[in-house]
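Containing mmCIF, C-alpha atoms: upload.cif.
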data_input
loop_
_atom_site.label_atom_id
_atom_site.label_comp_id
_atom_site.auth_asym_id
_atom_site.auth_seq_id
_atom_site.Cartn_x
_atom_site.Cartn_y
_atom_site.Cartn_z
CA MET A 52 -10.76 -49.21 12.82
CA HIS A 53 -8.86 -46.01 13.62
CA LYS A 54 -11.20 -43.11 14.32
CA GLN A 55 -10.31 -39.88 12.53
CA SER A 56 -10.05 -36.64 14.44
CA TRP A 57 -12.58 -33.86 13.89
CA PHE A 58 -9.85 -31.89 12.12
CA ASN A 59 -9.20 -34.67 9.61
CA ARG A 60 -12.89 -35.45 9.09
CA ASN A 61 -13.54 -31.83 8.10
CA HIS A 62 -10.32 -31.32 6.16
CA PHE A 63 -12.14 -30.59 2.86
CA LEU A 64 -14.36 -27.88 4.37
CA LEU A 65 -11.64 -26.30 6.51
CA ARG A 66 -9.23 -26.02 3.57
CA ARG A 67 -11.79 -24.10 1.56
CA LEU A 68 -12.83 -21.87 4.44
CA HIS A 69 -9.17 -21.15 5.11
CA SER A 70 -8.54 -20.03 1.53
CA LEU A 71 -11.84 -18.13 1.38
CA THR A 72 -11.20 -16.07 4.52
CA GLY A 73 -7.77 -15.17 3.15
CA ILE A 74 -9.53 -13.44 0.26
CA LEU A 75 -12.78 -12.31 1.86
CA PRO A 76 -12.67 -10.36 4.10
CA ILE A 77 -8.91 -10.30 4.83
CA GLY A 78 -7.65 -9.77 1.29
CA VAL A 79 -10.31 -7.18 0.50
CA PHE A 80 -9.40 -5.27 3.67
CA LEU A 81 -5.69 -5.43 2.77
CA ILE A 82 -6.43 -3.87 -0.63
CA ALA A 83 -8.56 -1.11 0.90
CA HIS A 84 -6.09 -0.47 3.73
CA LEU A 85 -3.06 -0.17 1.44
CA THR A 86 -5.00 2.02 -0.99
CA THR A 87 -5.89 4.41 1.83
CA ASN A 88 -2.39 4.45 3.31
CA SER A 89 -0.66 4.91 -0.03
CA SER A 90 -2.74 8.05 -0.57
CA ILE A 91 -0.08 9.83 1.47
CA MET A 92 1.86 9.78 -1.84
CA TRP A 93 -0.94 10.40 -4.37
CA GLY A 94 -3.63 12.08 -2.28
CA LYS A 95 -3.28 15.50 -3.86
CA VAL A 96 -4.54 14.00 -7.12
CA GLY A 97 -7.48 12.52 -5.22
CA LEU A 98 -8.49 15.99 -4.02
CA ARG A 99 -9.46 16.80 -7.64
CA GLY A 100 -8.38 20.39 -7.65
CA GLU A 101 -9.35 21.25 -4.08
CA TYR A 102 -6.70 23.20 -2.18
CA PRO A 103 -4.66 24.02 -5.31
CA THR A 104 -1.98 25.76 -3.25
CA ASP A 105 -1.17 22.56 -1.34
CA THR A 106 2.12 20.91 -2.15
CA LEU A 107 2.21 17.24 -3.09
CA VAL A 108 3.02 16.34 0.52
CA GLU A 109 0.34 18.59 2.00
CA GLY A 110 -2.25 17.24 -0.42
CA GLY A 111 -1.36 13.69 0.58
CA VAL A 112 -1.77 14.52 4.26
CA ARG A 113 -5.07 16.30 3.70
CA TYR A 114 -6.55 13.46 1.61
CA PHE A 115 -5.37 10.78 4.07
CA HIS A 116 -6.84 12.79 6.94
CA LYS A 117 -10.22 12.96 5.19
CA GLU A 118 -10.21 9.23 4.51
CA VAL A 119 -9.34 8.26 8.09
CA VAL A 120 -12.01 10.55 9.56
CA TRP A 121 -14.59 9.21 7.07
CA ILE A 122 -13.78 5.58 7.86
CA ASN A 123 -14.03 6.12 11.62
CA THR A 124 -17.13 8.32 11.62
CA GLN A 125 -19.17 7.54 8.49
CA VAL A 126 -18.77 3.83 7.70
CA PRO A 127 -21.94 2.08 8.94
CA HIS A 128 -21.68 -0.85 11.36
CA LEU A 129 -17.93 -0.35 11.73
CA LEU A 130 -17.81 -2.41 14.93
CA LEU A 131 -19.55 -5.34 13.21
CA ILE A 132 -17.12 -5.10 10.29
CA GLU A 133 -14.18 -5.19 12.68
CA ILE A 134 -15.58 -8.20 14.55
CA VAL A 135 -15.99 -10.12 11.29
CA LEU A 136 -12.50 -9.09 10.16
CA TRP A 137 -10.75 -10.04 13.39
CA SER A 138 -12.64 -13.31 13.65
CA SER A 139 -11.53 -14.15 10.11
CA ILE A 140 -7.91 -13.19 10.85
CA ALA A 141 -7.92 -15.36 13.98
CA PHE A 142 -9.45 -18.32 12.11
CA HIS A 143 -7.12 -17.96 9.13
CA SER A 144 -4.01 -17.52 11.30
CA ILE A 145 -4.67 -20.40 13.69
CA LEU A 146 -5.64 -22.81 10.93
CA GLY A 147 -2.77 -21.62 8.76
CA MET A 148 -0.25 -22.26 11.52
CA ALA A 149 -1.72 -25.73 12.05
CA TYR A 150 -1.28 -26.51 8.35
CA ALA A 151 2.20 -25.00 8.24
CA LEU A 152 3.44 -26.88 11.29
CA SER A 153 2.04 -30.18 10.06
CA GLY A 154 3.21 -29.77 6.47
CA LYS A 155 6.63 -30.67 5.12
CA SER A 156 8.77 -28.83 2.62
CA ASN A 157 11.41 -30.54 0.49
CA LEU A 158 13.15 -27.24 -0.27
CA GLY A 159 16.50 -28.64 0.88
CA SER A 160 16.30 -31.43 -1.69
CA TYR A 161 14.41 -29.81 -4.53
CA GLY A 162 14.89 -26.12 -5.14
CA TYR A 163 11.93 -25.71 -7.45
CA MET A 164 10.07 -22.40 -7.52
CA SER A 165 6.92 -24.01 -6.11
CA ASN A 166 8.88 -25.20 -3.08
CA TRP A 167 10.35 -21.76 -2.55
CA ARG A 168 6.85 -20.27 -2.69
CA TYR A 169 5.58 -22.88 -0.24
CA SER A 170 8.31 -22.10 2.29
CA LEU A 171 7.99 -18.34 1.85
CA GLN A 172 4.22 -18.64 2.22
CA ARG A 173 4.69 -20.25 5.62
CA TRP A 174 7.30 -17.78 6.87
CA SER A 175 5.45 -14.77 5.51
CA GLY A 176 2.46 -15.96 7.54
CA TYR A 177 4.51 -16.20 10.74
CA VAL A 178 6.05 -12.76 10.31
CA GLY A 179 2.74 -11.35 9.10
CA ILE A 180 0.96 -12.37 12.30
CA LEU A 181 3.71 -10.74 14.38
CA PHE A 182 3.55 -7.57 12.27
CA ILE A 183 -0.24 -7.31 12.47
CA PHE A 184 -0.07 -7.71 16.24
CA TYR A 185 2.55 -4.96 16.55
CA HIS A 186 0.71 -2.66 14.14
CA VAL A 187 -2.61 -2.98 15.98
CA ALA A 188 -1.13 -3.00 19.47
CA THR A 189 0.78 0.23 18.94
CA LEU A 190 -1.66 2.18 16.77
CA ARG A 191 -5.00 0.89 18.03
CA TRP A 192 -4.52 -0.43 21.56
CA GLY A 193 -2.20 2.39 22.60
CA TRP A 194 0.82 0.29 23.61
CA THR A 195 3.11 3.29 23.39
CA PHE A 196 5.90 1.52 25.27
CA LEU A 197 6.57 -0.33 21.99
CA VAL A 198 6.75 2.90 19.97
CA PRO A 199 10.03 4.85 19.72
CA GLY A 200 9.44 8.22 21.35
CA GLY A 201 6.17 7.04 22.89
CA THR A 202 3.95 8.60 20.21
CA GLN A 203 0.29 7.61 20.48
CA TRP A 204 -1.72 7.32 17.27
CA SER A 205 -4.58 9.79 16.99
CA GLN A 206 -7.53 9.71 14.58
CA GLY A 207 -7.54 13.49 14.11
CA PHE A 208 -3.76 13.53 13.64
CA ALA A 209 -3.37 10.21 11.87
CA ALA A 210 -0.62 11.19 9.43
CA SER A 211 1.58 13.10 11.88
CA SER A 212 1.29 10.56 14.67
CA LEU A 213 2.00 7.64 12.32
CA ALA A 214 4.99 9.44 10.86
CA ALA A 215 6.33 10.18 14.36
CA ALA A 216 5.85 6.55 15.37
CA MET A 217 7.80 5.32 12.35
CA ARG A 218 10.59 7.88 12.71
CA GLY A 219 10.93 7.75 16.49
CA GLY A 220 9.97 11.42 16.81
CA GLU A 221 10.29 14.51 14.64
CA ALA A 222 13.67 13.34 13.34
CA PHE A 223 14.80 9.78 12.66
CA THR A 224 16.24 7.77 15.54
CA ALA A 225 17.92 4.37 15.41
CA ALA A 226 14.81 2.77 16.90
CA GLY A 227 12.65 4.63 14.39
CA VAL A 228 14.69 3.26 11.49
CA ALA A 229 14.23 -0.25 12.91
CA VAL A 230 10.45 0.26 13.08
CA SER A 231 10.33 1.58 9.50
CA LEU A 232 12.34 -1.41 8.26
CA PHE A 233 10.03 -3.75 10.17
CA TYR A 234 7.04 -2.09 8.52
CA PHE A 235 8.67 -2.43 5.11
CA ALA A 236 9.36 -6.14 5.63
CA GLY A 237 5.97 -6.76 7.24
CA VAL A 238 3.82 -5.23 4.51
CA SER A 239 5.96 -6.80 1.77
CA LEU A 240 5.50 -10.28 3.23
CA LEU A 241 1.77 -9.76 3.75
CA VAL A 242 1.36 -8.74 0.11
CA PHE A 243 3.28 -11.80 -1.05
CA HIS A 244 1.23 -14.01 1.28
CA PHE A 245 -2.01 -12.68 -0.19
CA ALA A 246 -0.94 -12.79 -3.86
CA ASN A 247 0.50 -16.30 -3.59
CA GLY A 248 -2.51 -17.41 -1.53
CA LEU A 249 -4.78 -16.04 -4.26
CA TRP A 250 -3.03 -18.35 -6.72
CA THR A 251 -3.26 -21.44 -4.50
CA ALA A 252 -6.90 -20.68 -3.60
CA ALA A 253 -7.92 -21.19 -7.22
CA ILE A 254 -6.33 -24.64 -7.12
CA THR A 255 -7.99 -25.46 -3.80
CA TRP A 256 -11.41 -24.55 -5.20
CA GLY A 257 -10.81 -26.47 -8.43
CA LEU A 258 -10.90 -23.35 -10.61
CA THR A 259 -7.47 -23.87 -12.21
CA VAL A 260 -6.99 -27.58 -12.77
CA SER A 261 -4.70 -27.61 -15.79
CA ARG A 262 -1.17 -26.25 -15.86
CA PRO A 263 -1.97 -23.65 -18.56
CA ALA A 264 -4.86 -22.36 -16.43
CA GLN A 265 -2.61 -22.16 -13.39
CA LYS A 266 0.01 -20.32 -15.45
CA ARG A 267 -2.50 -17.78 -16.75
CA TRP A 268 -3.93 -17.22 -13.28
CA GLY A 269 -0.37 -16.86 -12.00
CA TYR A 270 0.14 -13.87 -14.29
CA VAL A 271 -3.01 -12.25 -12.88
CA CYS A 272 -1.89 -12.88 -9.29
CA ALA A 273 1.57 -11.52 -10.07
CA ALA A 274 0.02 -8.34 -11.47
CA VAL A 275 -2.20 -7.96 -8.40
CA GLY A 276 0.80 -8.56 -6.15
CA ALA A 277 2.91 -6.00 -8.02
CA GLY A 278 0.21 -3.34 -7.70
CA LEU A 279 -0.28 -4.01 -3.99
CA MET A 280 3.46 -4.09 -3.41
CA LEU A 281 3.75 -0.65 -4.99
CA ALA A 282 0.98 0.61 -2.71
CA ALA A 283 2.62 -1.01 0.32
CA TRP A 284 6.04 0.45 -0.36
CA SER A 285 4.53 3.86 -1.13
CA SER A 286 2.77 3.79 2.23
CA VAL A 287 5.87 2.94 4.24
CA VAL A 288 8.20 5.31 2.40
CA GLY A 289 5.59 8.08 2.36
CA PHE A 290 5.05 8.08 6.12
CA ALA A 291 8.68 7.40 7.00
CA MET A 292 9.81 10.43 4.98
CA LEU A 293 6.94 12.65 6.18
CA SER A 294 7.77 15.42 8.64
CA PRO A 295 5.36 15.06 11.60
CA GLU A 296 5.47 18.83 12.18
CA GLN A 297 4.55 19.60 8.56
CA ALA A 298 1.73 17.03 8.62
CA ARG A 299 0.42 18.41 11.90
CA ARG A 300 0.08 21.91 10.46
CA VAL A 301 -2.16 20.56 7.68
CA GLU A 302 -4.18 18.47 10.14
CA LEU A 303 -4.73 21.39 12.49
CA GLY A 304 -6.28 23.33 9.64
CA ALA A 305 -8.27 20.39 8.27
CA THR A 306 -9.69 18.78 11.38
CA SER A 307 -13.25 19.65 12.35
CA THR A 308 -12.83 18.23 15.83
CA HIS A 309 -11.31 19.71 18.94
CA GLU A 310 -9.11 16.69 19.45
CA ALA A 311 -5.74 17.57 20.95
CA PRO A 312 -2.54 16.40 19.23
CA PRO A 313 -1.04 13.19 20.66
CA ALA A 314 1.31 13.45 23.61
CA ALA A 315 4.56 13.20 21.68
CA SER A 316 3.38 15.91 19.27
CA ARG A 317 2.65 18.30 22.13
CA VAL A 318 6.18 17.74 23.42
CA ILE A 319 7.60 18.60 20.00
CA ASP A 320 5.43 21.70 19.76
CA ALA A 321 6.62 22.88 23.17
CA GLN A 322 10.25 22.44 22.16
CA GLU A 323 9.71 24.39 18.93
CA THR A 324 8.32 27.41 20.78
CA ARG A 325 11.35 27.79 23.03
#
Taking this structure as input, can you express it in the form of structure tokens?
Amino acid sequence: MHKQSWFNRNHFLLRRLHSLTGILPIGVFLIAHLTTNSSIMWGKVGLRGEYPTDTLVEGGVRYFHKEVVWINTQVPHLLLIEIVLWSSIAFHSILGMAYALSGKSNLGSYGYMSNWRYSLQRWSGYVGILFIFYHVATLRWGWTFLVPGGTQWSQGFAASSLAAAMRGGEAFTAAGVAVSLFYFAGVSLLVFHFANGLWTAAITWGLTVSRPAQKRWGYVCAAVGAGLMLAAWSSVVGFAMLSPEQARRVELGATSTHEAPPAASRVIDAQETR
């Protein structure tokens, strides 16, 4: 009698853990992360009347700055949260790639919508892993050699340094445009991956067995995906169109630390004083 592998023997459990980690904690973090980043567009409203003389852009920078500082200094057990998050991302990504590489799509023969979603789910996962790696490596690990202009992300100057990284400096460069487009594609695919995965997770867990139930849940997932896509696009466009110099002026007045601006920002400042 052929002995099953450990992977096949635990297929039922692994499938459910795979779908669960895609929602909690990864999906919850995605929602929180995009909400925070999109505040660059709506943050002035979030200030609730504080700094009434701020423009819409300045209010967005100020609110985003407050949120980033709060997350990095006030959230309890932040290191533990990050360990759980990264462990879940690693588990979900490795298992997802194993499923994707072993699965078969009949998209070439049957162009049904479900097959298109299946194929896009796989490819959005591949690109999503690459995007997450680039995003973290450049903005968290300090791999500035991958950033146009060599800007290093800074907690106290989060908005200006992120804008400079996406633009390639104070003004747009060709490499900066490429990074912004990569961000746009990356976040769009991640949102689709989550929203579509939310729909399939309900099937995996036996929550939507009938077609009508799957259709109704599909509407909910589509609405969630549309809202997150709006937040994702707002984040990318907001930071890509943000002037690093304008954002830095707001941050210099708002920061309560003595942190120096990132290296690329100091270069820009020096050029502006000539």
>> Show me, as a PyMOL selection string, the residues that have an atom within 10 Å of A:Ile82 when counting only C-alpha atoms, minus same-chain residues fewer than 4 positions from it.
In response: chain A and resi 77-78+86-87+242+245+275+278-279+282-283
> What lies within 7 Å of A:Ala298 using all atoms listed in the file, ignoring chain neighbours under 2 positions off, as a ChimeraX atom specification?
Replying inline: /A:109,112,210-211,294-296,300-302
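Minimum distance to A:Ser286 across A:Asn247, A:Gln206, A:Ser239, A:Thr124 (counting all atoms listed in the file) occurs at A:Ser239.
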Got a sec to write stretch 181-314 of chain A of the block to a file, C-alpha atoms, as a PDB file, in the first residue's frame?
ATOM      1  CA  LEU A 181       8.193  40.013  -4.812  1.00  0.00           C
ATOM      2  CA  PHE A 182       6.542  43.355  -4.028  1.00  0.00           C
ATOM      3  CA  ILE A 183       6.437  42.715  -0.277  1.00  0.00           C
ATOM      4  CA  PHE A 184      10.115  41.781  -0.331  1.00  0.00           C
ATOM      5  CA  TYR A 185      11.042  44.973  -2.200  1.00  0.00           C
ATOM      6  CA  HIS A 186       8.816  47.138   0.000  1.00  0.00           C
ATOM      7  CA  VAL A 187      10.288  45.791   3.239  1.00  0.00           C
ATOM      8  CA  ALA A 188      13.867  45.562   1.996  1.00  0.00           C
ATOM      9  CA  THR A 189      13.964  49.187   0.875  1.00  0.00           C
ATOM     10  CA  LEU A 190      11.874  50.850   3.587  1.00  0.00           C
ATOM     11  CA  ARG A 191      12.634  48.654   6.592  1.00  0.00           C
ATOM     12  CA  TRP A 192      15.975  46.941   6.008  1.00  0.00           C
ATOM     13  CA  GLY A 193      17.601  50.014   4.477  1.00  0.00           C
ATOM     14  CA  TRP A 194      18.579  48.524   1.109  1.00  0.00           C
ATOM     15  CA  THR A 195      18.990  51.959  -0.414  1.00  0.00           C
ATOM     16  CA  PHE A 196      20.842  50.594  -3.438  1.00  0.00           C
ATOM     17  CA  LEU A 197      17.412  49.475  -4.704  1.00  0.00           C
ATOM     18  CA  VAL A 198      15.886  52.941  -4.226  1.00  0.00           C
ATOM     19  CA  PRO A 199      16.202  55.596  -6.953  1.00  0.00           C
ATOM     20  CA  GLY A 200      18.231  58.447  -5.495  1.00  0.00           C
ATOM     21  CA  GLY A 201      19.293  56.336  -2.511  1.00  0.00           C
ATOM     22  CA  THR A 202      16.665  57.750  -0.143  1.00  0.00           C
ATOM     23  CA  GLN A 203      16.462  55.927   3.191  1.00  0.00           C
ATOM     24  CA  TRP A 204      13.075  55.699   4.898  1.00  0.00           C
ATOM     25  CA  SER A 205      12.891  57.465   8.244  1.00  0.00           C
ATOM     26  CA  GLN A 206      10.235  57.103  10.949  1.00  0.00           C
ATOM     27  CA  GLY A 207      10.303  60.797  11.836  1.00  0.00           C
ATOM     28  CA  PHE A 208      10.184  61.764   8.153  1.00  0.00           C
ATOM     29  CA  ALA A 209       8.005  58.944   6.886  1.00  0.00           C
ATOM     30  CA  ALA A 210       5.982  60.890   4.323  1.00  0.00           C
ATOM     31  CA  SER A 211       8.859  62.845   2.776  1.00  0.00           C
ATOM     32  CA  SER A 212      11.231  59.894   2.601  1.00  0.00           C
ATOM     33  CA  LEU A 213       8.577  57.614   1.093  1.00  0.00           C
ATOM     34  CA  ALA A 214       7.655  60.257  -1.462  1.00  0.00           C
ATOM     35  CA  ALA A 215      11.326  60.719  -2.395  1.00  0.00           C
ATOM     36  CA  ALA A 216      11.778  56.963  -2.729  1.00  0.00           C
ATOM     37  CA  MET A 217       8.799  56.701  -5.085  1.00  0.00           C
ATOM     38  CA  ARG A 218       9.765  59.739  -7.160  1.00  0.00           C
ATOM     39  CA  GLY A 219      13.498  59.092  -7.317  1.00  0.00           C
ATOM     40  CA  GLY A 220      14.242  62.360  -5.490  1.00  0.00           C
ATOM     41  CA  GLU A 221      12.566  65.738  -5.187  1.00  0.00           C
ATOM     42  CA  ALA A 222      11.417  65.578  -8.814  1.00  0.00           C
ATOM     43  CA  PHE A 223      10.354  62.526 -10.791  1.00  0.00           C
ATOM     44  CA  THR A 224      13.039  60.469 -12.507  1.00  0.00           C
ATOM     45  CA  ALA A 225      12.591  57.601 -14.957  1.00  0.00           C
ATOM     46  CA  ALA A 226      13.556  55.120 -12.239  1.00  0.00           C
ATOM     47  CA  GLY A 227      11.151  56.811  -9.841  1.00  0.00           C
ATOM     48  CA  VAL A 228       8.279  56.416 -12.303  1.00  0.00           C
ATOM     49  CA  ALA A 229       9.154  52.710 -12.611  1.00  0.00           C
ATOM     50  CA  VAL A 230       9.050  52.317  -8.811  1.00  0.00           C
ATOM     51  CA  SER A 231       5.700  54.124  -8.582  1.00  0.00           C
ATOM     52  CA  LEU A 232       4.232  51.897 -11.311  1.00  0.00           C
ATOM     53  CA  PHE A 233       5.582  48.820  -9.519  1.00  0.00           C
ATOM     54  CA  TYR A 234       3.927  50.002  -6.307  1.00  0.00           C
ATOM     55  CA  PHE A 235       0.661  50.572  -8.158  1.00  0.00           C
ATOM     56  CA  ALA A 236       0.719  47.086  -9.683  1.00  0.00           C
ATOM     57  CA  GLY A 237       1.912  45.464  -6.451  1.00  0.00           C
ATOM     58  CA  VAL A 238      -0.755  46.875  -4.150  1.00  0.00           C
ATOM     59  CA  SER A 239      -3.485  46.283  -6.747  1.00  0.00           C
ATOM     60  CA  LEU A 240      -2.572  42.610  -7.054  1.00  0.00           C
ATOM     61  CA  LEU A 241      -2.323  42.181  -3.285  1.00  0.00           C
ATOM     62  CA  VAL A 242      -5.805  43.640  -2.836  1.00  0.00           C
ATOM     63  CA  PHE A 243      -7.204  41.315  -5.491  1.00  0.00           C
ATOM     64  CA  HIS A 244      -5.398  38.358  -3.900  1.00  0.00           C
ATOM     65  CA  PHE A 245      -6.956  39.138  -0.526  1.00  0.00           C
ATOM     66  CA  ALA A 246     -10.491  39.843  -1.786  1.00  0.00           C
ATOM     67  CA  ASN A 247     -10.583  36.755  -4.002  1.00  0.00           C
ATOM     68  CA  GLY A 248      -8.982  34.684  -1.240  1.00  0.00           C
ATOM     69  CA  LEU A 249     -11.680  35.908   1.141  1.00  0.00           C
ATOM     70  CA  TRP A 250     -14.274  34.472  -1.237  1.00  0.00           C
ATOM     71  CA  THR A 251     -12.540  31.100  -1.627  1.00  0.00           C
ATOM     72  CA  ALA A 252     -11.867  30.867   2.131  1.00  0.00           C
ATOM     73  CA  ALA A 253     -15.606  30.713   2.803  1.00  0.00           C
ATOM     74  CA  ILE A 254     -15.843  27.736   0.451  1.00  0.00           C
ATOM     75  CA  THR A 255     -12.831  26.058   2.048  1.00  0.00           C
ATOM     76  CA  TRP A 256     -14.388  26.373   5.505  1.00  0.00           C
ATOM     77  CA  GLY A 257     -17.789  25.175   4.285  1.00  0.00           C
ATOM     78  CA  LEU A 258     -19.516  28.494   4.993  1.00  0.00           C
ATOM     79  CA  THR A 259     -20.856  29.019   1.463  1.00  0.00           C
ATOM     80  CA  VAL A 260     -21.881  25.645   0.081  1.00  0.00           C
ATOM     81  CA  SER A 261     -24.660  26.610  -2.315  1.00  0.00           C
ATOM     82  CA  ARG A 262     -24.221  28.730  -5.419  1.00  0.00           C
ATOM     83  CA  PRO A 263     -26.593  31.464  -4.166  1.00  0.00           C
ATOM     84  CA  ALA A 264     -24.573  31.722  -0.942  1.00  0.00           C
ATOM     85  CA  GLN A 265     -21.346  31.948  -2.915  1.00  0.00           C
ATOM     86  CA  LYS A 266     -22.883  34.628  -5.130  1.00  0.00           C
ATOM     87  CA  ARG A 267     -24.043  36.708  -2.165  1.00  0.00           C
ATOM     88  CA  TRP A 268     -20.665  36.383  -0.451  1.00  0.00           C
ATOM     89  CA  GLY A 269     -19.038  37.332  -3.753  1.00  0.00           C
ATOM     90  CA  TYR A 270     -20.828  40.683  -3.659  1.00  0.00           C
ATOM     91  CA  VAL A 271     -19.494  41.300  -0.151  1.00  0.00           C
ATOM     92  CA  CYS A 272     -15.947  40.390  -1.181  1.00  0.00           C
ATOM     93  CA  ALA A 273     -16.214  42.603  -4.259  1.00  0.00           C
ATOM     94  CA  ALA A 274     -17.290  45.532  -2.074  1.00  0.00           C
ATOM     95  CA  VAL A 275     -14.406  44.911   0.335  1.00  0.00           C
ATOM     96  CA  GLY A 276     -12.007  44.665  -2.595  1.00  0.00           C
ATOM     97  CA  ALA A 277     -13.302  47.898  -4.137  1.00  0.00           C
ATOM     98  CA  GLY A 278     -12.858  49.785  -0.873  1.00  0.00           C
ATOM     99  CA  LEU A 279      -9.341  48.449  -0.350  1.00  0.00           C
ATOM    100  CA  MET A 280      -8.440  49.130  -3.969  1.00  0.00           C
ATOM    101  CA  LEU A 281      -9.493  52.754  -3.518  1.00  0.00           C
ATOM    102  CA  ALA A 282      -7.316  52.980  -0.411  1.00  0.00           C
ATOM    103  CA  ALA A 283      -4.408  51.316  -2.217  1.00  0.00           C
ATOM    104  CA  TRP A 284      -4.571  53.606  -5.229  1.00  0.00           C
ATOM    105  CA  SER A 285      -4.993  56.657  -2.989  1.00  0.00           C
ATOM    106  CA  SER A 286      -1.841  55.665  -1.118  1.00  0.00           C
ATOM    107  CA  VAL A 287       0.298  55.243  -4.216  1.00  0.00           C
ATOM    108  CA  VAL A 288      -0.977  58.338  -6.012  1.00  0.00           C
ATOM    109  CA  GLY A 289      -0.861  60.417  -2.831  1.00  0.00           C
ATOM    110  CA  PHE A 290       2.789  59.699  -2.096  1.00  0.00           C
ATOM    111  CA  ALA A 291       3.896  59.735  -5.732  1.00  0.00           C
ATOM    112  CA  MET A 292       2.426  63.218  -6.221  1.00  0.00           C
ATOM    113  CA  LEU A 293       3.659  64.518  -2.848  1.00  0.00           C
ATOM    114  CA  SER A 294       6.548  66.983  -2.854  1.00  0.00           C
ATOM    115  CA  PRO A 295       9.200  65.628  -0.444  1.00  0.00           C
ATOM    116  CA  GLU A 296      10.306  69.183   0.373  1.00  0.00           C
ATOM    117  CA  GLN A 297       6.757  70.285   1.258  1.00  0.00           C
ATOM    118  CA  ALA A 298       6.205  67.165   3.378  1.00  0.00           C
ATOM    119  CA  ARG A 299       9.523  67.679   5.156  1.00  0.00           C
ATOM    120  CA  ARG A 300       8.553  71.197   6.240  1.00  0.00           C
ATOM    121  CA  VAL A 301       5.431  69.827   7.938  1.00  0.00           C
ATOM    122  CA  GLU A 302       7.384  66.973   9.536  1.00  0.00           C
ATOM    123  CA  LEU A 303      10.059  69.284  10.892  1.00  0.00           C
ATOM    124  CA  GLY A 304       7.373  71.247  12.699  1.00  0.00           C
ATOM    125  CA  ALA A 305       5.434  68.187  13.856  1.00  0.00           C
ATOM    126  CA  THR A 306       8.152  65.827  15.025  1.00  0.00           C
ATOM    127  CA  SER A 307       8.910  65.710  18.733  1.00  0.00           C
ATOM    128  CA  THR A 308      12.186  63.893  18.187  1.00  0.00           C
ATOM    129  CA  HIS A 309      15.591  65.174  17.224  1.00  0.00           C
ATOM    130  CA  GLU A 310      15.877  62.692  14.403  1.00  0.00           C
ATOM    131  CA  ALA A 311      17.772  64.060  11.426  1.00  0.00           C
ATOM    132  CA  PRO A 312      16.205  63.934   7.955  1.00  0.00           C
ATOM    133  CA  PRO A 313      17.297  60.961   5.809  1.00  0.00           C
ATOM    134  CA  ALA A 314      20.461  61.285   3.756  1.00  0.00           C
TER     135      ALA A 314
END
